[in-house]
file target.cif (mmCIF, C-alpha atoms)
data_target
#
loop_
_atom_site.label_atom_id
_atom_site.label_comp_id
_atom_site.auth_asym_id
_atom_site.auth_seq_id
_atom_site.Cartn_x
_atom_site.Cartn_y
_atom_site.Cartn_z
CA MET A 761 44.07 34.79 -110.29
CA ARG A 762 44.86 32.04 -107.76
CA ALA A 763 41.47 32.51 -106.07
CA ALA A 764 39.72 32.13 -109.43
CA ILE A 765 41.54 28.86 -110.08
CA TYR A 766 40.56 27.59 -106.66
CA ARG A 767 36.87 28.44 -107.20
CA ALA A 768 36.98 26.56 -110.47
CA LEU A 769 38.43 23.54 -108.69
CA CYS A 770 35.63 23.73 -106.11
CA ARG A 771 33.07 23.34 -108.86
CA MET A 772 34.92 20.60 -110.75
CA LEU A 773 36.27 18.28 -108.03
CA PRO A 774 34.48 16.33 -105.31
CA ARG A 775 35.15 17.89 -101.92
CA ARG A 776 36.94 14.81 -100.51
CA VAL A 777 39.39 14.84 -103.44
CA LEU A 778 40.10 18.54 -102.95
CA LEU A 779 40.71 18.07 -99.22
CA ALA A 780 43.07 15.18 -99.91
CA SER A 781 44.96 17.35 -102.38
CA MET A 782 45.26 20.08 -99.78
CA ARG A 783 46.70 17.60 -97.27
CA ARG A 784 49.34 16.71 -99.83
CA GLY A 785 50.19 20.38 -100.20
CA ARG A 786 49.04 20.88 -103.79
CA VAL A 787 46.57 23.61 -102.87
CA ALA A 788 46.98 26.06 -100.01
CA ALA A 789 44.69 25.25 -97.10
CA PRO A 790 41.57 27.46 -97.22
CA ALA A 791 39.56 28.80 -94.31
CA PRO A 792 35.93 27.58 -94.05
CA THR A 793 32.95 29.72 -95.05
CA ALA A 794 29.23 29.44 -94.65
CA ALA A 795 27.56 26.20 -95.72
CA GLY A 796 27.20 25.85 -99.46
CA GLY A 797 29.94 28.35 -100.24
CA CYS A 798 33.47 27.74 -101.34
CA PRO A 799 36.10 28.00 -98.57
CA ARG A 800 38.21 31.13 -98.64
CA TYR A 801 41.95 31.38 -98.11
CA ALA A 802 43.39 32.15 -94.70
CA SER A 803 45.42 35.32 -94.67
CA SER A 804 49.01 35.38 -93.43
CA THR A 805 47.88 37.36 -90.42
CA GLU A 806 45.59 34.51 -89.24
CA VAL A 807 48.16 31.73 -89.25
CA THR A 808 51.69 31.61 -90.56
CA SER A 809 52.97 28.73 -92.65
CA ASP A 810 55.44 27.72 -89.91
CA GLU A 811 52.79 27.74 -87.22
CA PHE A 812 50.50 25.60 -89.36
CA ARG A 813 53.27 23.09 -90.13
CA LEU A 814 54.35 22.82 -86.51
CA LYS A 815 50.81 22.33 -85.28
CA GLU A 816 50.13 19.70 -87.92
CA TYR A 817 53.40 17.92 -87.15
CA GLY A 818 52.71 17.91 -83.41
CA GLN A 819 49.22 16.52 -83.90
CA LYS A 820 50.17 13.98 -86.52
CA TYR A 821 53.45 12.63 -85.21
CA LEU A 822 53.99 13.74 -81.63
CA GLY A 823 50.72 12.98 -79.87
CA TYR A 824 49.74 16.67 -79.71
CA ARG A 825 53.05 17.67 -78.14
CA LYS A 826 54.40 21.05 -79.11
CA ALA A 827 57.05 20.99 -81.82
CA ALA A 828 59.61 23.65 -82.67
CA PHE A 829 61.98 24.40 -85.54
CA THR A 830 65.70 24.90 -85.04
CA GLU A 831 68.38 26.11 -87.40
CA SER A 832 71.11 24.51 -85.30
CA LEU A 833 72.10 21.05 -86.57
CA GLU A 834 72.47 18.98 -83.42
CA ILE A 835 72.36 15.19 -83.33
CA VAL A 836 71.06 13.85 -80.03
CA ASP A 837 73.77 11.77 -78.42
CA PRO A 838 72.37 9.56 -75.62
CA ALA A 839 75.84 9.20 -74.15
CA ARG A 840 75.87 12.94 -73.36
CA ASP A 841 72.37 13.14 -71.90
CA PRO A 842 71.97 12.47 -68.17
CA ALA A 843 70.65 9.04 -67.25
CA PHE A 844 67.27 8.56 -65.58
CA PRO A 845 67.69 9.31 -61.87
CA ILE A 846 67.26 6.45 -59.39
CA TYR A 847 64.42 7.09 -56.97
CA ARG A 848 65.04 5.92 -53.41
CA VAL A 849 63.59 6.43 -49.95
CA THR A 850 66.35 4.92 -47.78
CA ASP A 851 70.10 4.75 -47.98
CA ALA A 852 72.04 1.47 -48.09
CA THR A 853 71.62 0.94 -44.35
CA GLY A 854 67.85 1.42 -44.36
CA LYS A 855 67.78 4.95 -42.97
CA ILE A 856 65.15 7.25 -44.51
CA ILE A 857 66.89 10.12 -46.27
CA ASP A 858 63.97 12.53 -46.61
CA GLN A 859 61.36 12.14 -43.87
CA ALA A 860 58.72 13.58 -46.21
CA GLN A 861 59.10 10.36 -48.24
CA ASP A 862 58.40 8.06 -45.27
CA PRO A 863 55.49 5.82 -46.38
CA LYS A 864 54.27 5.75 -42.75
CA PHE A 865 53.21 2.10 -42.78
CA SER A 866 51.05 0.87 -39.96
CA GLU A 867 52.60 -1.76 -37.69
CA GLU A 868 50.31 -4.48 -39.04
CA HIS A 869 51.07 -3.57 -42.65
CA ALA A 870 54.82 -3.33 -42.11
CA LEU A 871 55.05 -6.64 -40.24
CA HIS A 872 53.04 -8.40 -42.96
CA MET A 873 55.52 -7.13 -45.53
CA TYR A 874 58.55 -8.17 -43.48
CA ARG A 875 57.18 -11.62 -42.66
CA THR A 876 56.39 -12.23 -46.32
CA MET A 877 59.92 -11.29 -47.40
CA THR A 878 61.58 -13.48 -44.79
CA GLN A 879 59.23 -16.40 -45.36
CA LEU A 880 59.96 -16.25 -49.10
CA ASN A 881 63.70 -16.19 -48.41
CA ILE A 882 63.55 -19.23 -46.12
CA MET A 883 61.29 -21.17 -48.52
CA ASP A 884 63.67 -20.39 -51.39
CA ARG A 885 66.65 -21.77 -49.51
CA ILE A 886 64.89 -25.01 -48.57
CA LEU A 887 63.36 -25.65 -52.01
CA TYR A 888 66.62 -24.76 -53.74
CA ASP A 889 68.39 -27.39 -51.64
CA SER A 890 65.60 -29.86 -52.45
CA GLN A 891 66.15 -29.31 -56.17
CA ARG A 892 69.89 -29.85 -55.76
CA GLN A 893 69.12 -33.11 -53.93
CA GLY A 894 66.96 -34.27 -56.85
CA ARG A 895 63.71 -34.18 -54.89
CA ILE A 896 62.12 -31.64 -57.26
CA SER A 897 63.08 -31.16 -60.88
CA PHE A 898 63.45 -27.40 -61.17
CA TYR A 899 63.50 -24.27 -59.03
CA MET A 900 64.23 -20.55 -59.34
CA THR A 901 65.03 -18.42 -56.31
CA SER A 902 64.22 -14.76 -55.63
CA PHE A 903 67.27 -13.89 -53.56
CA GLY A 904 67.75 -10.13 -53.36
CA GLU A 905 64.45 -9.40 -55.10
CA GLU A 906 62.13 -9.91 -52.14
CA GLY A 907 61.72 -6.15 -51.72
CA ASN A 908 60.41 -5.46 -55.20
CA HIS A 909 57.96 -8.38 -54.92
CA VAL A 910 56.45 -7.36 -51.64
CA GLY A 911 56.73 -3.61 -52.10
CA SER A 912 54.83 -3.70 -55.38
CA ALA A 913 52.28 -6.21 -54.08
CA ALA A 914 51.57 -3.95 -51.11
CA ALA A 915 50.82 -1.03 -53.45
CA LEU A 916 48.30 -2.99 -55.53
CA ALA A 917 44.66 -3.64 -54.69
CA PRO A 918 43.78 -7.32 -54.10
CA ASN A 919 41.60 -7.39 -57.23
CA ASP A 920 44.30 -5.96 -59.52
CA LEU A 921 45.39 -8.58 -62.03
CA VAL A 922 49.00 -9.78 -61.96
CA PHE A 923 50.95 -11.35 -64.81
CA GLY A 924 54.21 -12.75 -63.48
CA GLN A 925 57.32 -14.09 -65.12
CA TYR A 926 59.38 -16.50 -62.99
CA ARG A 927 60.37 -14.66 -59.83
CA GLU A 928 57.18 -13.05 -58.51
CA VAL A 929 56.51 -15.65 -55.84
CA GLY A 930 56.48 -12.93 -53.21
CA VAL A 931 53.52 -11.19 -54.86
CA LEU A 932 51.46 -14.36 -54.63
CA MET A 933 52.66 -15.09 -51.10
CA TYR A 934 51.77 -11.55 -49.98
CA ARG A 935 48.24 -12.09 -51.29
CA GLY A 936 47.79 -15.18 -49.10
CA PHE A 937 48.53 -18.09 -51.42
CA PRO A 938 48.83 -21.09 -49.05
CA LEU A 939 52.32 -22.32 -48.26
CA GLU A 940 51.31 -25.92 -48.92
CA GLN A 941 50.20 -24.99 -52.44
CA PHE A 942 53.69 -23.74 -53.26
CA MET A 943 54.97 -27.19 -52.28
CA HIS A 944 52.23 -29.09 -54.11
CA GLN A 945 52.98 -27.14 -57.27
CA CYS A 946 56.71 -27.78 -57.13
CA TYR A 947 56.12 -31.50 -56.62
CA GLY A 948 53.36 -31.59 -59.25
CA ASN A 949 51.15 -33.87 -57.18
CA HIS A 950 47.39 -34.35 -57.34
CA CYS A 951 46.82 -31.64 -54.69
CA ASP A 952 48.34 -29.01 -56.97
CA ILE A 953 45.80 -26.60 -58.47
CA GLY A 954 47.19 -27.40 -61.92
CA LYS A 955 47.35 -31.17 -61.23
CA GLY A 956 51.03 -31.28 -62.12
CA LYS A 957 50.60 -29.99 -65.67
CA GLN A 958 53.05 -27.11 -65.24
CA MET A 959 56.76 -26.91 -64.57
CA PRO A 960 57.75 -26.15 -60.95
CA VAL A 961 57.50 -22.48 -59.88
CA HIS A 962 54.91 -21.82 -62.61
CA TYR A 963 52.25 -20.79 -60.12
CA GLY A 964 48.77 -19.43 -60.80
CA SER A 965 45.63 -18.70 -58.82
CA SER A 966 42.38 -17.18 -60.05
CA GLU A 967 41.37 -16.68 -56.42
CA HIS A 968 44.38 -14.39 -55.93
CA ASN A 969 44.10 -12.70 -59.35
CA PHE A 970 47.45 -14.12 -60.43
CA VAL A 971 47.59 -15.42 -64.00
CA THR A 972 49.41 -18.74 -64.36
CA ILE A 973 53.05 -18.25 -65.32
CA SER A 974 54.06 -19.26 -68.83
CA SER A 975 57.53 -20.57 -69.74
CA PRO A 976 57.99 -18.84 -73.14
CA LEU A 977 59.74 -15.54 -72.55
CA THR A 978 57.72 -12.31 -72.70
CA THR A 979 54.37 -13.78 -73.75
CA GLN A 980 52.80 -12.25 -70.65
CA LEU A 981 53.43 -8.66 -71.78
CA PRO A 982 51.04 -8.39 -74.76
CA GLN A 983 48.53 -10.55 -72.86
CA ALA A 984 48.68 -8.09 -69.97
CA ALA A 985 48.20 -5.11 -72.29
CA GLY A 986 45.12 -6.81 -73.72
CA ALA A 987 43.71 -7.53 -70.28
CA ALA A 988 44.28 -3.91 -69.25
CA TYR A 989 42.48 -2.69 -72.37
CA ALA A 990 39.56 -4.98 -71.52
CA PHE A 991 39.42 -3.44 -68.03
CA LYS A 992 39.43 0.03 -69.57
CA MET A 993 36.43 -0.83 -71.75
CA ARG A 994 34.33 -1.98 -68.77
CA PRO A 995 32.05 0.70 -67.32
CA GLY A 996 32.99 1.66 -63.77
CA ASN A 997 36.21 -0.34 -63.82
CA ASP A 998 38.61 0.26 -60.91
CA ARG A 999 41.11 -2.53 -61.67
CA ILE A 1000 44.56 -2.28 -63.18
CA VAL A 1001 47.08 -4.82 -64.46
CA CYS A 1002 50.64 -5.20 -63.21
CA VAL A 1003 52.96 -7.26 -65.40
CA TYR A 1004 56.44 -8.30 -64.34
CA PHE A 1005 59.37 -9.07 -66.64
CA GLY A 1006 63.15 -9.11 -66.67
CA ASP A 1007 65.78 -7.29 -68.65
CA GLY A 1008 66.05 -10.23 -71.06
CA ALA A 1009 62.32 -10.09 -71.78
CA ALA A 1010 62.63 -6.37 -72.50
CA SER A 1011 64.79 -7.26 -75.52
CA GLU A 1012 62.07 -9.43 -77.07
CA GLY A 1013 59.72 -8.12 -79.77
CA ASP A 1014 56.64 -8.90 -77.68
CA ALA A 1015 57.77 -6.29 -75.15
CA HIS A 1016 57.83 -3.48 -77.71
CA ALA A 1017 54.40 -4.45 -79.04
CA ALA A 1018 53.00 -4.43 -75.50
CA PHE A 1019 54.53 -1.03 -74.66
CA ASN A 1020 53.11 0.50 -77.82
CA PHE A 1021 49.63 -0.97 -77.44
CA ALA A 1022 49.43 0.14 -73.80
CA ALA A 1023 50.56 3.67 -74.60
CA THR A 1024 48.41 4.28 -77.68
CA LEU A 1025 45.31 2.67 -76.14
CA LYS A 1026 45.97 4.34 -72.75
CA CYS A 1027 45.58 1.11 -70.81
CA PRO A 1028 45.54 0.96 -66.98
CA ILE A 1029 48.75 -1.06 -66.65
CA ILE A 1030 52.09 -1.08 -64.82
CA PHE A 1031 55.11 -2.62 -66.57
CA PHE A 1032 57.42 -3.73 -63.77
CA CYS A 1033 60.91 -4.59 -65.00
CA ARG A 1034 63.27 -6.48 -62.69
CA ASN A 1035 66.67 -5.70 -64.15
CA ASN A 1036 69.27 -7.95 -62.53
CA GLY A 1037 71.74 -7.23 -65.31
CA TYR A 1038 72.11 -10.71 -66.75
CA ALA A 1039 68.84 -12.00 -68.28
CA ILE A 1040 69.43 -15.77 -68.45
CA SER A 1041 73.02 -15.52 -69.62
CA THR A 1042 73.48 -12.24 -71.54
CA PRO A 1043 74.65 -9.12 -69.66
CA THR A 1044 72.71 -5.92 -70.23
CA SER A 1045 75.76 -4.31 -71.83
CA GLU A 1046 75.26 -6.70 -74.76
CA GLN A 1047 71.47 -6.37 -74.92
CA TYR A 1048 70.97 -2.68 -75.62
CA GLY A 1049 72.60 0.73 -75.75
CA GLY A 1050 71.39 4.04 -74.39
CA ASP A 1051 69.83 4.59 -70.99
CA GLY A 1052 68.85 1.03 -70.23
CA ILE A 1053 65.24 -0.08 -70.07
CA ALA A 1054 63.82 2.98 -68.28
CA GLY A 1055 65.09 5.11 -71.15
CA LYS A 1056 62.73 3.35 -73.53
CA GLY A 1057 59.60 4.41 -71.64
CA PRO A 1058 59.28 8.04 -72.78
CA GLY A 1059 59.87 6.95 -76.37
CA TYR A 1060 56.65 4.97 -76.20
CA GLY A 1061 54.81 7.68 -74.28
CA LEU A 1062 54.86 5.78 -70.99
CA HIS A 1063 55.22 7.40 -67.58
CA THR A 1064 58.51 6.07 -66.25
CA ILE A 1065 60.38 5.77 -62.96
CA ARG A 1066 63.66 4.02 -62.12
CA THR A 1067 64.26 2.65 -58.66
CA SER A 1068 67.41 1.23 -57.10
CA GLU A 1069 68.59 -2.25 -57.93
CA GLU A 1070 69.03 -4.59 -55.00
CA VAL A 1071 72.62 -5.72 -54.56
CA THR A 1072 72.68 -9.35 -53.48
CA GLN A 1073 76.46 -9.68 -53.37
CA TRP A 1074 76.57 -7.22 -50.50
CA GLY A 1075 74.64 -9.79 -48.49
CA GLY A 1076 73.83 -8.43 -45.08
CA ILE A 1077 74.66 -4.81 -45.90
CA ASP A 1078 72.58 -3.58 -48.86
CA ASN A 1079 69.70 -6.02 -48.82
CA PRO A 1080 65.94 -5.31 -48.84
CA ILE A 1081 65.26 -7.59 -45.89
CA VAL A 1082 68.03 -6.06 -43.80
CA ARG A 1083 66.94 -2.51 -44.66
CA PHE A 1084 63.30 -3.14 -43.83
CA LYS A 1085 64.24 -4.94 -40.62
CA ARG A 1086 65.96 -1.75 -39.51
CA TYR A 1087 62.79 0.22 -40.37
CA ILE A 1088 60.51 -1.92 -38.17
CA THR A 1089 63.08 -2.33 -35.38
CA GLU A 1090 63.60 1.41 -35.00
CA ARG A 1091 59.85 1.79 -34.50
CA GLY A 1092 59.78 -0.81 -31.73
CA TRP A 1093 57.79 -3.35 -33.75
CA TRP A 1094 60.52 -5.99 -34.02
CA ASN A 1095 63.50 -7.31 -32.08
CA GLU A 1096 65.99 -10.19 -32.17
CA GLU A 1097 63.84 -12.40 -29.95
CA LYS A 1098 60.91 -12.09 -32.35
CA GLU A 1099 63.28 -12.64 -35.27
CA LYS A 1100 64.58 -15.95 -33.92
CA ALA A 1101 61.09 -17.19 -33.08
CA TRP A 1102 59.75 -16.23 -36.52
CA GLN A 1103 62.66 -17.83 -38.38
CA ALA A 1104 62.19 -21.08 -36.47
CA GLU A 1105 58.41 -21.05 -37.03
CA VAL A 1106 58.71 -20.49 -40.79
CA ARG A 1107 61.42 -23.10 -41.25
CA LYS A 1108 59.30 -25.67 -39.41
CA LYS A 1109 56.22 -24.84 -41.52
CA VAL A 1110 58.12 -25.07 -44.80
CA LEU A 1111 59.77 -28.39 -43.91
CA THR A 1112 56.49 -29.86 -42.66
CA ASN A 1113 54.65 -28.91 -45.85
CA LEU A 1114 57.57 -30.05 -47.99
CA THR A 1115 57.56 -33.51 -46.42
CA SER A 1116 53.78 -33.75 -46.67
CA SER A 1117 53.71 -32.74 -50.35
CA GLU A 1118 56.49 -35.16 -51.19
CA LYS A 1119 54.34 -38.03 -49.92
CA GLU A 1120 51.24 -37.10 -51.93
CA LYS A 1121 50.53 -39.16 -55.02
CA LEU A 1122 50.63 -37.81 -58.55
CA ALA A 1123 47.44 -37.27 -60.50
CA HIS A 1124 46.43 -40.14 -62.81
CA TYR A 1125 47.89 -39.71 -66.28
CA HIS A 1126 44.35 -39.38 -67.67
CA GLU A 1127 44.33 -35.94 -66.03
CA MET A 1128 46.41 -34.59 -68.94
CA PHE A 1129 43.33 -34.92 -71.18
CA GLU A 1130 41.08 -33.02 -68.77
CA GLY A 1131 40.53 -29.34 -68.01
CA VAL A 1132 40.16 -27.91 -71.51
CA TYR A 1133 36.88 -29.20 -72.87
CA LYS A 1134 33.67 -29.77 -70.91
CA THR A 1135 33.33 -33.07 -72.74
CA VAL A 1136 36.51 -34.75 -73.96
CA PRO A 1137 36.33 -34.74 -77.80
CA GLU A 1138 36.75 -37.86 -79.93
CA HIS A 1139 40.33 -37.19 -81.05
CA LEU A 1140 41.49 -36.87 -77.44
CA ARG A 1141 39.61 -40.02 -76.45
CA ARG A 1142 41.51 -41.88 -79.18
CA GLN A 1143 44.83 -40.52 -77.92
CA ARG A 1144 43.93 -41.50 -74.37
CA ALA A 1145 43.15 -45.04 -75.50
CA GLU A 1146 46.48 -45.22 -77.33
CA LEU A 1147 48.28 -44.06 -74.18
CA ASP A 1148 46.47 -46.73 -72.16
CA GLU A 1149 47.82 -49.37 -74.52
CA HIS A 1150 51.29 -47.90 -74.31
CA ILE A 1151 51.24 -47.89 -70.49
CA LYS A 1152 49.92 -51.45 -70.46
CA GLU A 1153 52.97 -52.58 -72.41
CA TYR A 1154 55.65 -50.25 -71.01
CA GLY A 1155 54.27 -49.36 -67.59
CA SER A 1156 57.41 -50.53 -65.83
CA HIS A 1157 59.25 -47.54 -67.31
CA TYR A 1158 56.85 -45.03 -65.73
CA PRO A 1159 56.09 -44.11 -62.08
CA VAL A 1160 52.56 -45.54 -62.28
CA ASP A 1161 52.84 -46.78 -58.70
CA ARG A 1162 53.07 -43.14 -57.53
CA GLN A 1163 49.85 -42.00 -59.21
CA LEU A 1164 46.25 -42.14 -58.07
CA THR A 1165 44.15 -45.03 -59.33
CA ASN A 1166 41.67 -44.03 -62.00
#

call {"tool": "encode", "arguments": {"input": "target.cif", "output": "structure tokens"}}
result
Amino acid sequence: MRAAIYRALCRMLPRRVLLASMRRGRVAAPAPTAAGGCPRYASSTEVTSDEFRLKEYGQKYLGYRKAAFTESLEIVDPARDPAFPIYRVTDATGKIIDQAQDPKFSEEHALHMYRTMTQLNIMDRILYDSQRQGRISFYMTSFGEEGNHVGSAAALAPNDLVFGQYREVGVLMYRGFPLEQFMHQCYGNHCDIGKGKQMPVHYGSSEHNFVTISSPLTTQLPQAAGAAYAFKMRPGNDRIVCVYFGDGAASEGDAHAAFNFAATLKCPIIFFCRNNGYAISTPTSEQYGGDGIAGKGPGYGLHTIRTSEEVTQWGGIDNPIVRFKRYITERGWWNEEKEKAWQAEVRKKVLTNLTSSEKEKLAHYHEMFEGVYKTVPEHLRRQRAELDEHIKEYGSHYPVDRQLTN
């Protein structure tokens, strides 16, 4: 009787309507037959109702993962589940725990990494003092985070695209960004690549595949996901994107959109979270529950790893620079004599470039109207003329004597 009804429906309804009805469960799903015929019903021996429902559920909602039924009512409590393990290679003193995990750096590679970390640390201390003295307007240090900058930079190819947040100076330094350009950018003078249009520490360099840092929190994450998708769509692409962000940024909506886009579009991207526990002012305990930020990864379908946090308050004990110094010293590549000479050399270079950049003039204020359009449009020309009139009348209130002549 049921088969007769179904054959009647085959004749009366368009096929797409019938299939839609079957998806809604109004008609049992039939098995296909030869072209032109009406599909027949699948017998219970071919596929059970439970098997069909589980397969459909896995495909529709779980990304083709295998689902299973349970008759035991159990609510998943994240507080009872074990936290993500913390991957490490060395202990707190810098000693390798499992020799099979030794990265076996070459001497040249290891020394480049160490010199970059120490140079960044020295530059941070000098520029931080300069900001406190009022010589530059703003600065953010990377104390205790030198290891994650340089370690990640060393693992990337030079042509991989980097989106930074505020504290990825070491990535750019590792790639060879000139020391004097760090100073020019912080002083915002006419030698700066951005001509002083950005806040200090908002670096960028197309030559070094480092996208200019943006002040608004988390905007770089969806941009990075889009760039990675563009790479994926290019034939023969071998580039990836690495985007850095902090625990505060992970609480913003843009982060969740970026995670989801990257996972569903299978983009070649690394999301690198620097979790220092405080964001700008809010501790992580007040930002989210569950297993921190790493715990969110599997929920989006992202491959996830958690590494150890660097403990700055331990100073000379558990510190990435101290640990890596032990690594290169034990291999005979470094000693205290070289350390003293290197520290003195870097300090001299930083201070020399700092003094030189401080003396450079600012770009002319007309520069703010340049760099967007090939030809300055009429509305900007009007604004520039208005500014000229304003400066003519109130120029004594502005540092016009420190700028280049037009």

call {"tool": "resolve_selection", "arguments": {"input": "target.cif", "expression": "the PyMOL selection byres ((chain A and resi 845-850) around 8)", "output": "NGL selection string"}}
result
:A and (843-844 or 851-858 or 861-862 or 1065-1068)

call {"tool": "closest_residue", "arguments": {"input": "target.cif", "among": "A:Phe942, A:Glu834, A:Tyr821, A:Tyr899", "to": "Gly954 in chain A", "atoms": "only C-alpha atoms"}}
result
A:Phe942

call {"tool": "closest_residue", "arguments": {"input": "target.cif", "among": "A:Tyr989, A:Tyr1004, A:Tyr1060, A:Phe923", "to": "His968 in chain A", "atoms": "all atoms listed in the file"}}
result
A:Phe923

call {"tool": "closest_residue", "arguments": {"input": "target.cif", "among": "A:Met1128, A:Met943, A:Val971, A:Ala870", "to": "Ser890 in chain A", "atoms": "only C-alpha atoms"}}
result
A:Met943

call {"tool": "atom_distance", "arguments": {"input": "target.cif", "atom1": "CA of Phe829 in chain A", "atom2": "CA of Tyr817 in chain A"}}
result
10.9 Å

call {"tool": "atom_distance", "arguments": {"input": "target.cif", "atom1": "CA of Glu1127 in chain A", "atom2": "CA of Gly948 in chain A"}}
result
12.1 Å

call {"tool": "residues_near_point", "arguments": {"input": "target.cif", "point": "(55.3, -12.2, -59.9)", "cutoff": "9 Å", "atoms": "all atoms listed in the file", "output": "PyMOL selection string"}}
result
chain A and resi 909+913+922-932+970+973+1003-1005

call {"tool": "resolve_selection", "arguments": {"input": "target.cif", "expression": "the PyMOL selection byres ((chain A and resi 990) around 12)", "output": "JSON, numbers by chain"}}
result
{"A": [921, 983, 984, 985, 986, 987, 988, 989, 991, 992, 993, 994, 995, 997, 998, 999, 1000, 1001, 1022, 1025, 1026, 1027, 1028, 1029]}

call {"tool": "atom_distance", "arguments": {"input": "target.cif", "atom1": "CA of Cys1002 in chain A", "atom2": "CA of Gly1052 in chain A"}}
result
20.5 Å

call {"tool": "closest_residue", "arguments": {"input": "target.cif", "among": "A:Cys946, A:Leu939, A:Ser966, A:Gly1092", "to": "Asp920 in chain A", "atoms": "all atoms listed in the file"}}
result
A:Ser966

call {"tool": "resolve_selection", "arguments": {"input": "target.cif", "expression": "the PyMOL selection byres ((chain A and resi 901-907) around 7)", "output": "PDB file with C-alpha atoms, in the coordinates of the input"}}
result
ATOM      1  CA  MET A 877      59.920 -11.290 -47.400  1.00  0.00           C
ATOM      2  CA  ASN A 881      63.700 -16.190 -48.410  1.00  0.00           C
ATOM      3  CA  ASP A 884      63.670 -20.390 -51.390  1.00  0.00           C
ATOM      4  CA  TYR A 899      63.500 -24.270 -59.030  1.00  0.00           C
ATOM      5  CA  MET A 900      64.230 -20.550 -59.340  1.00  0.00           C
ATOM      6  CA  ASN A 908      60.410  -5.460 -55.200  1.00  0.00           C
ATOM      7  CA  HIS A 909      57.960  -8.380 -54.920  1.00  0.00           C
ATOM      8  CA  VAL A 910      56.450  -7.360 -51.640  1.00  0.00           C
ATOM      9  CA  GLY A 911      56.730  -3.610 -52.100  1.00  0.00           C
ATOM     10  CA  ARG A 927      60.370 -14.660 -59.830  1.00  0.00           C
ATOM     11  CA  GLY A 930      56.480 -12.930 -53.210  1.00  0.00           C
ATOM     12  CA  GLU A1070      69.030  -4.590 -55.000  1.00  0.00           C
ATOM     13  CA  VAL A1071      72.620  -5.720 -54.560  1.00  0.00           C
ATOM     14  CA  THR A1072      72.680  -9.350 -53.480  1.00  0.00           C
ATOM     15  CA  ASN A1079      69.700  -6.020 -48.820  1.00  0.00           C
ATOM     16  CA  PRO A1080      65.940  -5.310 -48.840  1.00  0.00           C
ATOM     17  CA  ILE A1081      65.260  -7.590 -45.890  1.00  0.00           C
TER      18      ILE A1081
END

call {"tool": "residues_around", "arguments": {"input": "target.cif", "residues": "Ile896 in chain A", "least_positions_apart": "3", "cutoff": "12 Å", "atoms": "only C-alpha atoms", "output": "list of chain:residue names"}}
result
A:Ile886, A:Leu887, A:Tyr888, A:Asp889, A:Ser890, A:Gln891, A:Arg892, A:Gln893, A:Tyr899, A:Met900, A:Met943, A:His944, A:Gln945, A:Cys946, A:Tyr947, A:Gly948, A:Asn949, A:Met959, A:Pro960, A:Val961, A:Leu1114, A:Thr1115, A:Ser1117, A:Glu1118

call {"tool": "residues_around", "arguments": {"input": "target.cif", "residues": "range 835-839 of chain A", "least_positions_apart": "2", "cutoff": "12 Å", "atoms": "all atoms listed in the file", "output": "list in words"}}
result
Thr830, Ser832, Leu833, Asp841, Pro842, Ala843, Phe844, Gly1049, Gly1050, Asp1051, Gly1052, Gly1055 and Lys1056 of chain A

call {"tool": "residues_around", "arguments": {"input": "target.cif", "residues": "Thr978 in chain A", "least_positions_apart": "4", "cutoff": "10 Å", "atoms": "all atoms listed in the file", "output": "number ranges by chain"}}
result
A: 924-925, 974, 982-983, 1004-1006, 1008-1015, 1018
